[in-house]
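start.csv follows; it contains CSV, C-alpha atoms.
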chain,number,residue,atom,x,y,z
A,833,MET,CA,-42.1,123.6,-108.5
A,834,GLU,CA,-40.9,125.0,-111.8
A,835,PRO,CA,-40.9,122.5,-114.7
A,836,LEU,CA,-37.1,122.7,-115.1
A,837,GLU,CA,-36.6,121.8,-111.5
A,838,GLN,CA,-39.1,119.0,-111.7
A,839,LEU,CA,-37.3,117.7,-114.8
A,840,TYR,CA,-34.0,117.8,-112.9
A,841,ARG,CA,-35.5,115.8,-110.0
A,842,ASP,CA,-37.0,113.3,-112.3
A,843,ARG,CA,-34.1,112.8,-114.7
A,844,TYR,CA,-30.9,113.7,-112.9
A,845,VAL,CA,-29.7,110.2,-112.2
A,846,GLY,CA,-30.7,108.9,-115.7
A,847,PHE,CA,-29.0,111.7,-117.5
A,848,ARG,CA,-25.9,111.3,-115.4
A,849,ASN,CA,-25.7,107.6,-116.1
A,850,ALA,CA,-26.4,108.0,-119.8
A,851,LEU,CA,-23.6,110.6,-120.1
A,852,ALA,CA,-21.0,108.8,-117.9
A,853,PRO,CA,-19.8,106.6,-120.8
A,854,LEU,CA,-19.2,109.6,-122.9
A,855,VAL,CA,-17.1,111.6,-120.4
A,856,GLY,CA,-15.5,108.7,-118.6
A,857,SER,CA,-16.8,108.8,-115.1
A,858,GLN,CA,-19.8,109.4,-113.0
A,859,ASP,CA,-18.2,112.4,-111.4
A,860,ALA,CA,-17.5,114.1,-114.7
A,861,ALA,CA,-21.1,113.2,-115.9
A,862,ARG,CA,-22.5,114.8,-112.8
A,863,ASP,CA,-20.6,118.0,-113.6
A,864,VAL,CA,-22.0,117.9,-117.1
A,865,VAL,CA,-25.6,117.5,-116.0
A,866,GLN,CA,-25.2,120.2,-113.4
A,867,GLU,CA,-23.8,122.6,-115.9
A,868,ALA,CA,-26.4,121.7,-118.5
A,869,PHE,CA,-29.3,122.5,-116.1
A,870,ALA,CA,-27.5,125.7,-115.1
A,871,VAL,CA,-27.4,126.7,-118.7
A,872,ALA,CA,-31.0,125.7,-119.2
A,873,LEU,CA,-32.0,127.7,-116.1
A,874,ARG,CA,-30.2,130.8,-117.5
A,875,GLU,CA,-31.5,130.5,-121.0
A,876,GLN,CA,-35.1,129.2,-120.4
A,877,ARG,CA,-36.4,131.9,-122.7
A,878,LYS,CA,-34.6,130.3,-125.6
A,879,LEU,CA,-36.7,127.1,-125.4
A,880,ARG,CA,-38.8,126.9,-128.5
A,881,ARG,CA,-42.4,126.3,-128.0
A,882,HIS,CA,-42.5,123.1,-130.0
A,883,SER,CA,-39.4,121.6,-128.2
A,884,SER,CA,-39.7,119.3,-125.2
A,885,LEU,CA,-37.9,120.5,-122.1
A,886,ALA,CA,-36.2,117.1,-121.6
A,887,ALA,CA,-34.9,117.0,-125.2
A,888,TRP,CA,-33.6,120.6,-125.0
A,889,VAL,CA,-31.7,120.0,-121.8
A,890,TRP,CA,-30.3,116.8,-123.0
A,891,ARG,CA,-29.0,118.5,-126.2
A,892,ILE,CA,-27.3,121.1,-124.0
A,893,ALA,CA,-25.8,118.3,-121.8
A,894,LEU,CA,-24.6,116.4,-124.9
A,895,ARG,CA,-23.0,119.5,-126.3
A,896,ILE,CA,-21.1,120.1,-123.0
A,897,ALA,CA,-20.1,116.4,-122.8
A,898,LEU,CA,-18.7,116.5,-126.4
A,899,ARG,CA,-16.8,119.7,-125.6
A,900,GLU,CA,-15.3,117.9,-122.6
A,901,ARG,CA,-14.0,115.2,-124.9
A,902,GLY,CA,-12.7,117.8,-127.3
A,903,ARG,CA,-15.3,117.0,-129.9
A,904,SER,CA,-18.0,119.2,-131.4
A,905,ARG,CA,-20.2,116.7,-133.2
A,906,VAL,CA,-22.0,113.5,-132.2
A,907,ASP,CA,-20.6,111.7,-135.3
A,908,GLU,CA,-17.1,112.3,-133.9
A,909,LEU,CA,-17.7,110.0,-130.9
A,910,PRO,CA,-14.9,107.4,-130.5
A,911,ASN,CA,-15.2,103.9,-131.8
A,912,GLU,CA,-14.4,102.4,-128.4
A,913,LEU,CA,-17.3,104.1,-126.7
A,914,THR,CA,-19.3,101.6,-124.6
A,915,ILE,CA,-20.5,101.2,-121.0
A,916,LEU,CA,-18.4,102.8,-118.3
A,917,ASP,CA,-16.8,99.7,-116.9
A,918,PRO,CA,-16.7,97.2,-119.7
A,919,HIS,CA,-15.2,94.5,-117.5
A,920,ARG,CA,-18.4,94.4,-115.5
A,921,ASP,CA,-20.3,93.0,-118.5
A,922,PRO,CA,-17.9,92.4,-121.4
A,923,VAL,CA,-20.6,90.7,-123.5
A,924,LEU,CA,-22.9,93.7,-123.3
A,925,ALA,CA,-19.9,96.1,-123.9
A,926,GLU,CA,-19.1,94.2,-127.1
A,927,ALA,CA,-22.7,94.2,-128.2
A,928,ILE,CA,-22.9,98.0,-127.9
A,929,ARG,CA,-19.7,98.3,-129.9
A,930,THR,CA,-21.4,96.7,-132.9
A,931,LEU,CA,-23.5,99.8,-133.3
A,932,PRO,CA,-22.2,103.0,-134.9
A,933,PRO,CA,-20.9,105.2,-132.1
A,934,GLN,CA,-23.6,107.9,-132.4
A,935,ARG,CA,-26.3,105.2,-132.2
A,936,ARG,CA,-24.9,104.0,-128.9
A,937,LEU,CA,-26.5,107.0,-127.3
A,938,VAL,CA,-29.9,105.5,-128.2
A,939,ILE,CA,-29.1,102.6,-125.9
A,940,PHE,CA,-27.8,104.7,-123.1
A,941,LEU,CA,-30.9,107.0,-123.2
A,942,ARG,CA,-33.2,104.0,-123.4
A,943,TYR,CA,-31.7,101.9,-120.6
A,944,PHE,CA,-29.9,104.4,-118.4
A,945,ALA,CA,-32.3,107.3,-118.6
A,946,ASP,CA,-35.5,105.3,-119.3
A,947,CYS,CA,-36.5,107.5,-122.2
A,948,SER,CA,-39.3,106.6,-124.6
A,949,TYR,CA,-38.7,106.1,-128.3
A,950,ALA,CA,-40.4,109.4,-129.0
A,951,GLU,CA,-38.2,111.2,-126.5
A,952,ILE,CA,-35.0,109.6,-127.8
A,953,ALA,CA,-36.0,110.5,-131.3
A,954,GLU,CA,-36.4,114.2,-130.3
A,955,MET,CA,-33.3,114.3,-128.2
A,956,LEU,CA,-31.0,112.9,-130.9
A,957,GLU,CA,-33.0,114.4,-133.8
A,958,ILE,CA,-33.5,111.1,-135.5
A,959,SER,CA,-36.7,109.2,-136.4
A,960,GLU,CA,-38.5,106.9,-134.1
A,961,GLY,CA,-37.9,104.2,-136.7
A,962,THR,CA,-34.1,104.7,-136.3
A,963,VAL,CA,-34.5,104.4,-132.5
A,964,ALA,CA,-36.4,101.1,-132.9
A,965,ALA,CA,-34.0,99.7,-135.5
A,966,THR,CA,-31.0,100.6,-133.3
A,967,LEU,CA,-32.5,98.9,-130.3
A,968,ALA,CA,-33.3,95.8,-132.4
A,969,GLN,CA,-29.8,95.7,-133.7
A,970,ALA,CA,-28.4,95.9,-130.1
A,971,HIS,CA,-30.7,93.1,-129.0
A,972,ALA,CA,-29.5,90.9,-131.9
A,973,ALA,CA,-25.9,91.7,-131.2
A,974,LEU,CA,-26.3,90.8,-127.6
A,975,LYS,CA,-28.1,87.6,-128.5
A,976,ASP,CA,-25.2,86.6,-130.8
A,977,ASN,CA,-22.6,87.5,-128.3
A,978,LEU,CA,-24.4,85.5,-125.6
A,979,ALA,CA,-24.7,82.5,-128.0
A,980,GLU,CA,-21.0,82.8,-128.7
A,981,VAL,CA,-20.0,82.8,-125.1
A,982,ALA,CA,-22.3,79.9,-124.3
A,983,GLY,CA,-21.2,77.9,-127.4
B,1256,MET,CA,-41.0,89.1,-123.1
B,1257,THR,CA,-38.1,89.9,-120.9
B,1258,ASP,CA,-35.8,92.7,-122.2
B,1259,VAL,CA,-32.3,91.2,-121.7
B,1260,LEU,CA,-30.7,94.6,-122.4
B,1261,ALA,CA,-32.8,96.2,-119.7
B,1262,GLU,CA,-31.8,93.6,-117.2
B,1263,ARG,CA,-28.1,94.0,-117.9
B,1264,PHE,CA,-28.2,97.8,-117.9
B,1265,ALA,CA,-30.2,97.7,-114.6
B,1266,ALA,CA,-27.4,95.7,-113.1
B,1267,LEU,CA,-24.9,98.3,-114.2
B,1268,ALA,CA,-26.8,101.5,-113.4
B,1269,ASP,CA,-25.5,103.7,-110.6
B,1270,GLN,CA,-28.6,104.6,-108.6
B,1271,ARG,CA,-26.9,107.0,-106.3
B,1272,ASP,CA,-28.7,110.3,-106.3
B,1273,ASP,CA,-26.0,113.0,-105.7
B,1274,SER,CA,-28.1,115.7,-107.3
B,1275,SER,CA,-28.1,119.3,-106.0
B,1276,TRP,CA,-30.6,121.8,-107.4
B,1277,LEU,CA,-28.9,124.4,-105.2
B,1278,ASP,CA,-25.6,123.8,-107.1
B,1279,VAL,CA,-27.5,124.2,-110.4
B,1280,ARG,CA,-28.9,127.5,-109.3
B,1281,ARG,CA,-25.5,128.7,-108.1
B,1282,ARG,CA,-23.8,127.8,-111.4
B,1283,ALA,CA,-26.6,129.6,-113.3
B,1284,ARG,CA,-26.0,132.7,-111.2
B,1285,VAL,CA,-22.2,132.6,-111.6
B,1286,ARG,CA,-22.5,132.7,-115.4
B,1287,ARG,CA,-25.1,135.5,-115.3
B,1288,GLY,CA,-22.7,137.5,-113.1
B,1289,ARG,CA,-19.9,136.9,-115.5
B,1290,ALA,CA,-21.8,138.1,-118.4
B,1291,THR,CA,-22.5,141.5,-116.7
B,1292,ALA,CA,-19.5,142.0,-114.5
B,1293,ALA,CA,-16.9,139.3,-114.7
B,1294,VAL,CA,-14.8,140.8,-112.0
B,1295,VAL,CA,-17.4,140.4,-109.3
B,1296,ALA,CA,-18.5,136.9,-110.3
B,1297,VAL,CA,-16.7,135.1,-107.5
B,1298,ALA,CA,-18.0,137.6,-105.0
B,1299,ALA,CA,-21.5,137.1,-106.3
B,1300,VAL,CA,-21.3,133.4,-105.8
B,1301,VAL,CA,-20.1,133.9,-102.3
B,1302,CYS,CA,-22.9,136.3,-101.4
B,1303,VAL,CA,-25.7,134.3,-103.0
B,1304,ALA,CA,-24.6,131.1,-101.3
B,1305,GLY,CA,-24.4,132.8,-98.0
B,1306,ALA,CA,-20.8,131.9,-97.7
B,1307,TYR,CA,-17.9,133.9,-96.5
B,1308,ALA,CA,-14.5,134.7,-97.8
B,1309,ALA,CA,-11.6,133.8,-95.6
B,1310,ALA,CA,-9.2,136.7,-95.4
B,1311,SER,CA,-5.9,135.2,-94.7
B,1312,THR,CA,-2.7,137.0,-94.1
B,1313,TRP,CA,0.4,135.3,-95.3
B,1314,LEU,CA,4.1,135.7,-94.4
B,1315,PHE,CA,6.6,134.6,-97.0
B,1316,HIS,CA,10.2,133.5,-96.9
B,1317,HIS,CA,12.4,132.9,-100.0
B,1318,GLY,CA,14.7,130.0,-99.2
B,1319,PRO,CA,17.6,128.9,-101.3
B,1320,ASP,CA,15.5,126.1,-103.0
B,1321,SER,CA,12.0,127.0,-102.0
B,1322,ILE,CA,9.3,129.6,-101.3
B,1323,ASP,CA,7.8,129.2,-97.9
B,1324,ALA,CA,4.5,130.7,-96.8
B,1325,THR,CA,2.8,130.8,-93.4
B,1326,THR,CA,-0.7,131.8,-92.3
B,1327,HIS,CA,-3.1,131.3,-89.5
B,1328,VAL,CA,-6.6,130.0,-89.9
B,1329,GLN,CA,-9.4,129.6,-87.4
B,1330,PHE,CA,-10.9,126.1,-87.6
B,1331,HIS,CA,-13.3,124.8,-85.0
B,1332,GLY,CA,-12.3,127.5,-82.6
B,1333,VAL,CA,-8.7,126.7,-82.8
B,1334,ASP,CA,-5.9,128.9,-84.3
B,1335,TRP,CA,-4.2,126.6,-86.8
B,1336,LYS,CA,-0.9,127.7,-88.2
B,1337,ILE,CA,-0.2,126.4,-91.7
B,1338,TYR,CA,3.2,126.2,-93.4
B,1339,LEU,CA,3.4,125.7,-97.1
B,1340,SER,CA,6.6,125.2,-99.1
B,1341,VAL,CA,7.0,125.0,-102.9
B,1342,THR,CA,10.2,123.7,-104.4
B,1343,PRO,CA,11.6,124.1,-107.9
B,1344,ASP,CA,10.8,120.5,-108.8
B,1345,ARG,CA,7.1,121.4,-108.4
B,1346,ALA,CA,6.5,119.6,-105.2
B,1347,PHE,CA,4.7,121.4,-102.4
B,1348,CYS,CA,4.6,120.3,-98.8
B,1349,ALA,CA,2.6,121.4,-95.8
B,1350,ALA,CA,2.8,121.3,-92.1
B,1351,LEU,CA,0.2,122.2,-89.5
B,1352,THR,CA,0.3,123.1,-85.9
B,1353,ARG,CA,-2.0,124.5,-83.2
B,1354,PRO,CA,-1.2,126.0,-79.8
B,1355,GLY,CA,0.4,123.6,-77.4
B,1356,GLN,CA,1.0,120.9,-80.0
B,1357,LYS,CA,4.0,119.8,-82.1
B,1358,VAL,CA,4.2,120.6,-85.7
B,1359,LYS,CA,2.6,117.8,-87.7
B,1360,PRO,CA,3.1,116.9,-91.3
B,1361,GLY,CA,0.3,118.2,-93.5
B,1362,GLY,CA,1.1,116.1,-96.5
B,1363,CYS,CA,3.2,116.5,-99.6
B,1364,ASN,CA,2.1,116.5,-103.2
B,1365,LEU,CA,3.9,116.6,-106.5
B,1366,TRP,CA,2.3,119.5,-108.1
B,1367,VAL,CA,2.2,118.1,-111.6
B,1368,GLN,CA,-0.3,116.1,-113.7
B,1369,PRO,CA,0.5,113.8,-116.6
B,1370,ILE,CA,-0.9,115.0,-119.9
B,1371,PRO,CA,-1.0,112.5,-122.9
B,1372,LEU,CA,0.7,114.0,-125.9
B,1373,PHE,CA,-0.5,112.3,-129.0
B,1374,VAL,CA,2.1,111.7,-131.8
B,1375,GLN,CA,2.1,109.9,-135.1
B,1376,GLY,CA,-1.4,111.0,-136.1
B,1377,GLY,CA,-2.9,110.1,-132.7
B,1378,LYS,CA,-1.8,106.5,-132.9
B,1379,SER,CA,0.5,106.6,-129.9
B,1380,PHE,CA,1.2,108.9,-127.1
B,1381,LYS,CA,3.7,109.8,-124.4
B,1382,LEU,CA,3.0,111.4,-121.1
B,1383,VAL,CA,4.4,114.8,-120.4
B,1384,LEU,CA,4.2,116.5,-117.0
B,1385,SER,CA,2.4,119.8,-116.6
B,1386,THR,CA,1.6,122.0,-113.7
B,1387,PRO,CA,-2.2,122.2,-113.1
B,1388,PRO,CA,-3.6,125.7,-112.2
B,1389,PHE,CA,-3.9,124.8,-108.6
B,1390,ASP,CA,-3.6,121.9,-106.1
B,1391,GLY,CA,-4.5,121.3,-102.6
B,1392,LEU,CA,-4.4,119.1,-99.5
B,1393,ARG,CA,-6.8,118.9,-96.7
B,1394,TYR,CA,-7.0,118.0,-93.0
B,1395,VAL,CA,-10.2,116.2,-92.2
B,1396,ASP,CA,-11.7,115.9,-88.9
B,1397,GLY,CA,-15.1,114.6,-87.9
B,1398,ARG,CA,-17.0,117.7,-88.7
B,1399,GLY,CA,-15.3,119.5,-91.5
B,1400,GLU,CA,-12.2,120.1,-93.6
B,1401,LEU,CA,-9.3,122.5,-93.5
B,1402,TRP,CA,-7.9,123.0,-97.1
B,1403,TYR,CA,-4.6,124.5,-98.1
B,1404,GLY,CA,-2.7,124.6,-101.3
B,1405,VAL,CA,-0.8,126.3,-104.0
B,1406,ALA,CA,-1.9,127.9,-107.3
B,1407,GLN,CA,-0.3,129.3,-110.4
B,1408,ALA,CA,0.2,133.0,-110.8
B,1409,ASN,CA,-3.1,133.6,-112.7
B,1410,ILE,CA,-5.3,132.0,-110.0
B,1411,THR,CA,-6.4,134.8,-107.7
B,1412,HIS,CA,-9.4,133.1,-106.0
B,1413,ILE,CA,-10.2,129.6,-105.0
B,1414,ALA,CA,-13.8,128.6,-104.3
B,1415,ILE,CA,-14.9,125.4,-102.7
B,1416,THR,CA,-18.4,124.0,-103.3
B,1417,ASP,CA,-19.4,121.7,-100.5
B,1418,THR,CA,-21.7,118.8,-100.6
B,1419,SER,CA,-24.7,121.0,-99.8
B,1420,GLY,CA,-24.0,123.3,-102.7
B,1421,ARG,CA,-22.7,126.1,-100.5
B,1422,VAL,CA,-19.7,128.0,-101.8
B,1423,ARG,CA,-16.8,129.4,-99.8
B,1424,SER,CA,-14.0,131.3,-101.4
B,1425,THR,CA,-10.7,132.9,-100.6
B,1426,ALA,CA,-8.2,135.0,-102.3
B,1427,THR,CA,-4.8,133.4,-103.1
B,1428,ALA,CA,-1.7,135.2,-101.9
B,1429,ALA,CA,1.5,135.8,-103.7
B,1430,PRO,CA,4.9,136.8,-102.2
B,1431,PRO,CA,5.5,140.5,-102.7
B,1432,HIS,CA,7.6,141.6,-105.7
B,1433,ALA,CA,7.5,138.0,-107.0
B,1434,GLY,CA,6.5,139.0,-110.6
B,1435,THR,CA,4.0,137.3,-112.9
B,1436,SER,CA,5.5,133.8,-112.5
B,1437,ALA,CA,4.9,133.7,-108.7
B,1438,ARG,CA,3.3,130.7,-107.0
B,1439,ARG,CA,0.3,131.7,-105.0
B,1440,PHE,CA,-0.9,130.2,-101.7
B,1441,TRP,CA,-4.3,129.6,-100.3
B,1442,ALA,CA,-6.1,128.2,-97.2
B,1443,LEU,CA,-9.8,127.7,-96.7
B,1444,PRO,CA,-11.7,126.1,-93.8
B,1445,LEU,CA,-15.0,124.3,-94.2
B,1446,PRO,CA,-16.1,124.1,-90.6
B,1447,SER,CA,-19.1,121.8,-90.9
B,1448,SER,CA,-19.1,120.3,-94.4
B,1449,HIS,CA,-17.0,118.4,-97.0
B,1450,ALA,CA,-15.7,119.7,-100.3
B,1451,MET,CA,-17.3,118.5,-103.5
B,1452,PHE,CA,-15.7,120.8,-106.1
B,1453,ILE,CA,-12.8,123.2,-106.1
B,1454,SER,CA,-12.7,126.0,-108.6
B,1455,GLY,CA,-9.8,128.4,-109.5
B,1456,TYR,CA,-10.7,131.8,-110.8
B,1457,ASP,CA,-8.5,134.5,-112.5
B,1458,ALA,CA,-8.5,138.2,-111.7
B,1459,LYS,CA,-11.4,138.8,-114.1
B,1460,GLY,CA,-13.5,136.3,-112.3
B,1461,GLN,CA,-13.3,133.8,-115.1
B,1462,LEU,CA,-13.3,130.1,-114.2
B,1463,VAL,CA,-9.9,128.6,-115.0
B,1464,LYS,CA,-10.4,125.1,-113.8
B,1465,ARG,CA,-12.9,123.2,-111.7
B,1466,THR,CA,-12.0,119.9,-110.3
B,1467,ASN,CA,-13.7,117.3,-108.2
B,1468,ALA,CA,-12.4,117.4,-104.6
B,1469,ASP,CA,-11.5,113.7,-104.9
B,1470,GLY,CA,-10.5,114.1,-108.5
B,1471,ASN,CA,-7.1,114.0,-110.3
B,1472,SER,CA,-5.4,117.1,-109.2
B,1473,VAL,CA,-6.8,117.4,-105.7
B,1474,LYS,CA,-6.8,114.0,-104.2
B,1475,PHE,CA,-4.7,113.7,-101.1
B,1476,TYR,CA,-5.9,114.3,-97.7
B,1477,THR,CA,-4.2,113.8,-94.4
B,1478,ARG,CA,-4.9,113.5,-90.7
B,1479,PRO,CA,-2.1,115.3,-88.9

Could you rewrite the structure in this file as structure tokens?
Amino acid sequence: MEPLEQLYRDRYVGFRNALAPLVGSQDAARDVVQEAFAVALREQRKLRRHSSLAAWVWRIALRIALRERGRSRVDELPNELTILDPHRDPVLAEAIRTLPPQRRLVIFLRYFADCSYAEIAEMLEISEGTVAATLAQAHAALKDNLAEVAG
Amino acid sequence: MTDVLAERFAALADQRDDSSWLDVRRRARVRRGRATAAVVAVAAVVCVAGAYAAASTWLFHHGPDSIDATTHVQFHGVDWKIYLSVTPDRAFCAALTRPGQKVKPGGCNLWVQPIPLFVQGGKSFKLVLSTPPFDGLRYVDGRGELWYGVAQANITHIAITDTSGRVRSTATAAPPHAGTSARRFWALPLPSSHAMFISGYDAKGQLVKRTNADGNSVKFYTRP
């Protein structure tokens, strides 16, 4: 099996779930992932030797997802971006909203796509330290929100 | 130490695996085809996917308030007759019949979609109605689906991707001498599968719109 197909089989569900909050539904996210892998399949020769395949495909998918939302840059993500159905876990939804919108992708990649810190850093072109700090901030916000709800 | 975030995300994650590598490959081929010869893109998809194009013949009638179109489609060995009618208020209705049976309603759809129009610097919006590039209805039986619908003048082909990633396509038909604003009509049987995506292509083979078969603009189905 080709590496790209293997990646697709390993990461399809995770990528779809991580992109769903951006594009508003699982169906739309599916379409984005399918299109991203199609682009990757077509343009495999453009993959730079030092890039990881997963990071490269993710960046293609993110570009398509942003375009679907009428945006071209990750720092144009809307303030209200959070999990897909906020009513299912309003405390978590609020905790995510405490992060800058572009940092919320760190959370989605970590917990929906099960990506490592190093992978997330490469996918989002940030440092591993930023990944760790973002996750720590999300944990703290969730803890505060839970304490507020309990109190 | 338990990761509370991980636990909460795990409870929310959709574990359904609706992946289709076949669909990825098909999409990749479609774009390649477009880059070299846009006009044959739709045909390429059909050939690669081992699908077939339904060649429908349509008869048209211009009524006082509507354009009516009729065609015959073979579906599960039965000759189905499909009537479609589009009215000026952008509704389209369908009726189906087969030999020895009464005409049955095939559903009606208001062929419009609400588009949010943002005003006052994006702080508020109102909904305006727009006509999507195409719309469709389907008759579902136990084994497959019979699709029929309308399209705007620039949509010359409709392609349906089924849940296995196979693609079937058909040309849309316009009334003769109807000009560039004509509504076009289409019908497409899926004998043994169910639709996942519906795509509308223009005469150059460019994708105009792709929609989920259960999505916003193609969402009704009926059992006549």

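Distances from B:Ala1283, B:Ala1450, B:Val1259, B:Ala1346 to chain A were compared using only C-alpha atoms, and the smallest one belongs to B:Ala1283.
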
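What chain B places within 7 Å of chain A, counting only C-alpha atoms, is Leu1260, Ala1261, Phe1264, Ala1268, Asp1269, Gln1270, Asp1272, Ser1274, Val1279, Arg1280, Arg1282 and Ala1283 of chain B.
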
Problem set entry | Spatial neighbours of B:Val1405, 9 Å, only C-alpha atoms, chain gap at least 5 places, as an NGL selection string | :B and (1339-1341 or 1347 or 1366 or 1388-1391 or 1427 or 1438-1442)

Exercise. Between atom CA of B:Pro1446 and atom CA of B:Tyr1403, what is the distance, to one decimal in Å?
Worked result: 13.7 Å

Near-A:Gln934 list (12 Å; only C-alpha atoms; drop same-chain fewer than 6 positions) as a PDB file with C-alpha atoms, keeping the file's coordinate frame:
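What follows is the written file result_28.pdb:
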ATOM      1  CA  LEU A 854     -19.200 109.600-122.900  1.00  0.00           C
ATOM      2  CA  LEU A 894     -24.600 116.400-124.900  1.00  0.00           C
ATOM      3  CA  LEU A 898     -18.700 116.500-126.400  1.00  0.00           C
ATOM      4  CA  ARG A 905     -20.200 116.700-133.200  1.00  0.00           C
ATOM      5  CA  VAL A 906     -22.000 113.500-132.200  1.00  0.00           C
ATOM      6  CA  ASP A 907     -20.600 111.700-135.300  1.00  0.00           C
ATOM      7  CA  GLU A 908     -17.100 112.300-133.900  1.00  0.00           C
ATOM      8  CA  LEU A 909     -17.700 110.000-130.900  1.00  0.00           C
ATOM      9  CA  PRO A 910     -14.900 107.400-130.500  1.00  0.00           C
ATOM     10  CA  ASN A 911     -15.200 103.900-131.800  1.00  0.00           C
ATOM     11  CA  GLU A 912     -14.400 102.400-128.400  1.00  0.00           C
ATOM     12  CA  LEU A 913     -17.300 104.100-126.700  1.00  0.00           C
ATOM     13  CA  THR A 914     -19.300 101.600-124.600  1.00  0.00           C
ATOM     14  CA  ILE A 928     -22.900  98.000-127.900  1.00  0.00           C
ATOM     15  CA  PHE A 940     -27.800 104.700-123.100  1.00  0.00           C
ATOM     16  CA  LEU A 941     -30.900 107.000-123.200  1.00  0.00           C
ATOM     17  CA  LEU A 956     -31.000 112.900-130.900  1.00  0.00           C
ATOM     18  CA  GLU A 957     -33.000 114.400-133.800  1.00  0.00           C
ATOM     19  CA  ILE A 958     -33.500 111.100-135.500  1.00  0.00           C
ATOM     20  CA  THR A 962     -34.100 104.700-136.300  1.00  0.00           C
ATOM     21  CA  VAL A 963     -34.500 104.400-132.500  1.00  0.00           C
ATOM     22  CA  THR A 966     -31.000 100.600-133.300  1.00  0.00           C
TER      23      THR A 966
END

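A straight line drawn from atom CA of B:Thr1352 to atom CA of B:Gln1407 is 25.3 Å long.
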
Exercise. B:His1412: which residues within 10 Å, counting all atoms listed in the file, same-chain residues fewer than 3 positions away excluded, as a PyMOL selection string?
Worked result: chain B and resi 1297-1298+1308+1406+1409+1424-1428+1439-1441+1454-1458+1460-1462

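Using all atoms listed in the file, the residues found no farther than 8 Å from stretch 1323-1328 of chain B, other than those of its own chain fewer than 3 positions away, are Ser1311, Thr1312, Trp1313, Leu1314, Phe1315, His1316, His1317, Gly1318, Asp1334, Trp1335, Lys1336, Ile1337, Tyr1338, Leu1339, Ser1340, Val1341, Phe1440, Ala1442, Leu1443 and Pro1444 of chain B.
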
Problem set entry | Nearest to A:Asp842, chosen from A:Glu960, A:Ala886, A:Ala979, A:Glu951, with all atoms listed in the file counted in the distances | A:Ala886

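If all atoms listed in the file are the atoms counted, then among A:Ala964, A:Ser948, A:Thr930, A:Trp890 the closest residue to A:Leu851 is A:Trp890.
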